[in-house]
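Printed here is target_6.cif (mmCIF, C-alpha atoms):
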```cif
data_start
#
loop_
_atom_site.group_PDB
_atom_site.id
_atom_site.type_symbol
_atom_site.label_atom_id
_atom_site.label_comp_id
_atom_site.auth_asym_id
_atom_site.auth_seq_id
_atom_site.Cartn_x
_atom_site.Cartn_y
_atom_site.Cartn_z
ATOM 1 C CA MET O 1 87.988 115.098 100.903
ATOM 2 C CA ALA O 2 87.682 111.447 101.880
ATOM 3 C CA MET O 3 89.966 110.014 104.546
ATOM 4 C CA TYR O 4 90.767 106.779 102.674
ATOM 5 C CA ILE O 5 91.316 105.695 99.082
ATOM 6 C CA VAL O 6 90.401 102.064 98.484
ATOM 7 C CA ASN O 7 91.542 99.995 95.528
ATOM 8 C CA VAL O 8 88.774 97.385 95.343
ATOM 9 C CA TYR O 9 90.617 95.433 92.621
ATOM 10 C CA LYS O 10 93.782 94.921 94.694
ATOM 11 C CA ARG O 11 91.826 95.055 97.992
ATOM 12 C CA GLU O 12 94.164 97.712 99.376
ATOM 13 C CA VAL O 13 93.517 100.745 101.599
ATOM 14 C CA HIS O 14 95.473 104.016 101.382
ATOM 15 C CA ILE O 15 95.353 106.986 103.763
ATOM 16 C CA ASN O 16 94.666 110.026 101.615
ATOM 17 C CA ALA O 17 96.786 112.417 103.701
ATOM 18 C CA ASN O 18 99.850 110.118 103.530
ATOM 19 C CA VAL O 19 99.751 108.996 99.862
ATOM 20 C CA THR O 20 103.168 108.797 98.194
ATOM 21 C CA ALA O 21 104.275 108.293 94.592
ATOM 22 C CA LYS O 22 104.892 104.606 95.413
ATOM 23 C CA CYS O 23 101.149 104.143 95.996
ATOM 24 C CA ASN O 24 100.487 104.604 92.242
ATOM 25 C CA ILE O 25 97.109 106.235 92.869
ATOM 26 C CA GLU O 26 97.261 107.956 89.469
ATOM 27 C CA LYS O 27 97.486 104.558 87.748
ATOM 28 C CA MET O 28 94.387 103.229 89.531
ATOM 29 C CA ARG O 29 91.362 102.815 87.259
ATOM 30 C CA SER O 30 88.356 104.908 88.212
ATOM 31 C CA ASN O 31 86.125 101.826 88.482
ATOM 32 C CA HIS O 32 88.607 100.280 90.961
ATOM 33 C CA ARG O 33 88.826 103.364 93.203
ATOM 34 C CA VAL O 34 86.510 104.226 96.091
ATOM 35 C CA ASP O 35 87.000 107.372 98.199
ATOM 36 C CA THR O 36 85.517 106.863 101.646
ATOM 37 C CA ASP O 37 85.736 107.824 105.305
ATOM 38 C CA GLU O 38 85.352 104.169 106.338
ATOM 39 C CA ASP O 39 88.536 102.233 107.126
ATOM 40 C CA MET O 40 88.061 98.995 105.211
ATOM 41 C CA SER O 41 91.272 97.499 106.651
ATOM 42 C CA GLU O 42 89.451 96.611 109.862
ATOM 43 C CA GLY O 43 86.492 94.378 110.604
ATOM 44 C CA PHE O 44 85.101 91.377 108.761
ATOM 45 C CA ASN O 45 86.999 90.396 105.586
ATOM 46 C CA PRO O 46 89.489 93.304 105.806
ATOM 47 C CA PHE O 47 91.445 94.774 102.917
ATOM 48 C CA SER O 48 95.244 94.993 103.194
ATOM 49 C CA ARG O 49 96.930 98.221 104.239
ATOM 50 C CA CYS O 50 99.256 99.956 101.808
ATOM 51 C CA PRO O 51 102.831 99.564 103.104
ATOM 52 C CA HIS O 52 103.792 102.998 101.754
ATOM 53 C CA CYS O 53 101.108 105.286 103.182
ATOM 54 C CA TYR O 54 99.069 103.387 105.789
ATOM 55 C CA ILE O 55 100.899 104.441 108.909
ATOM 56 C CA LYS O 56 99.150 104.433 112.272
ATOM 57 C CA THR O 57 99.102 108.148 112.983
ATOM 58 C CA ASN O 58 96.657 110.439 114.690
ATOM 59 C CA ILE O 59 94.973 110.860 111.301
ATOM 60 C CA ALA O 60 94.277 107.130 111.042
ATOM 61 C CA LYS O 61 93.115 106.840 114.671
ATOM 62 C CA GLU O 62 90.618 109.727 114.374
ATOM 63 C CA ALA O 63 88.558 107.918 111.738
#
```

Please express the file's structure as structure tokens.
Amino acid sequence: MAMYIVNVYKREVHINANVTAKCNIEKMRSNHRVDTDEDMSEGFNPFSRCPHCYIKTNIAKEA
């Protein structure tokens, strides 16, 4: 299972282990979703972090 779920349409990063119903992952179109182990919220041209599930925990720091 991938560590992060990325919505490339909204440019938003979710942490898979912390996803809540407010994240609306089930409504995300398959061509907008990327499952990855790379945290795209850091680095050049970063995506925004989901306010509902992207919490700096040990899970997020291990990636």

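Nearest residue to Asn24 in chain O, choosing from O:Asn7, O:Ser41, O:Ala2, O:Ser48 and counting only C-alpha atoms: O:Asn7.
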
Next on the checklist: Once the PyMOL selection byres ((chain O and resi 11) around 10) has been evaluated on this model, what residues remain selected, and can you format them as a list in words?
Outcome noted: Val6, Asn7, Val8, Tyr9, Lys10, Glu12, Val13, His32, Met40, Ser41, Pro46, Phe47, Ser48, Arg49 and Cys50 of chain O

With C-alpha atoms retained, could you export that selection as a PDB file, in the frame of the given file?
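To be explicit, this is the file written out as again-v8.pdb:
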```
ATOM      1  CA  VAL O   6      90.401 102.064  98.484  1.00  0.00           C
ATOM      2  CA  ASN O   7      91.542  99.995  95.528  1.00  0.00           C
ATOM      3  CA  VAL O   8      88.774  97.385  95.343  1.00  0.00           C
ATOM      4  CA  TYR O   9      90.617  95.433  92.621  1.00  0.00           C
ATOM      5  CA  LYS O  10      93.782  94.921  94.694  1.00  0.00           C
ATOM      6  CA  GLU O  12      94.164  97.712  99.376  1.00  0.00           C
ATOM      7  CA  VAL O  13      93.517 100.745 101.599  1.00  0.00           C
ATOM      8  CA  HIS O  32      88.607 100.280  90.961  1.00  0.00           C
ATOM      9  CA  MET O  40      88.061  98.995 105.211  1.00  0.00           C
ATOM     10  CA  SER O  41      91.272  97.499 106.651  1.00  0.00           C
ATOM     11  CA  PRO O  46      89.489  93.304 105.806  1.00  0.00           C
ATOM     12  CA  PHE O  47      91.445  94.774 102.917  1.00  0.00           C
ATOM     13  CA  SER O  48      95.244  94.993 103.194  1.00  0.00           C
ATOM     14  CA  ARG O  49      96.930  98.221 104.239  1.00  0.00           C
ATOM     15  CA  CYS O  50      99.256  99.956 101.808  1.00  0.00           C
TER      16      CYS O  50
END
```

Which residues, written as an mmCIF file with C-alpha atoms, in the frame of the given file, have at least one atom at most 10 Å from Cys23 in chain O, with all atoms listed in the file counted and residues fewer than 2 positions away on the same chain left out?
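To be explicit, this is the file written out as selection_31.cif:
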```
data_model
loop_
_atom_site.group_PDB
_atom_site.id
_atom_site.type_symbol
_atom_site.label_atom_id
_atom_site.label_comp_id
_atom_site.auth_asym_id
_atom_site.auth_seq_id
_atom_site.Cartn_x
_atom_site.Cartn_y
_atom_site.Cartn_z
ATOM 1 C CA HIS O 14 95.473 104.016 101.382
ATOM 2 C CA ASN O 18 99.850 110.118 103.530
ATOM 3 C CA VAL O 19 99.751 108.996 99.862
ATOM 4 C CA THR O 20 103.168 108.797 98.194
ATOM 5 C CA ALA O 21 104.275 108.293 94.592
ATOM 6 C CA ILE O 25 97.109 106.235 92.869
ATOM 7 C CA GLU O 26 97.261 107.956 89.469
ATOM 8 C CA LYS O 27 97.486 104.558 87.748
ATOM 9 C CA MET O 28 94.387 103.229 89.531
ATOM 10 C CA CYS O 50 99.256 99.956 101.808
ATOM 11 C CA PRO O 51 102.831 99.564 103.104
ATOM 12 C CA HIS O 52 103.792 102.998 101.754
ATOM 13 C CA CYS O 53 101.108 105.286 103.182
#
```

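Across the structure, CA of Ile15 in chain O and CA of Asp39 in chain O are spaced 9.0 Å apart.
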
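Residues matched by the PyMOL selection byres ((chain O and resi 34-37) around 6) in this structure: Ala2, Met3, Tyr4, Ile5, Val6, Arg33 and Glu38 of chain O.
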
May I have the residues from that selection written out with C-alpha atoms, as a compact mmCIF listing (two decimals), in the frame of the given file?
```
# COMPACT_ATOMS: atom_id res chain seq x y z
CA ALA O 2 87.68 111.45 101.88
CA MET O 3 89.97 110.01 104.55
CA TYR O 4 90.77 106.78 102.67
CA ILE O 5 91.32 105.70 99.08
CA VAL O 6 90.40 102.06 98.48
CA ARG O 33 88.83 103.36 93.20
CA GLU O 38 85.35 104.17 106.34
```
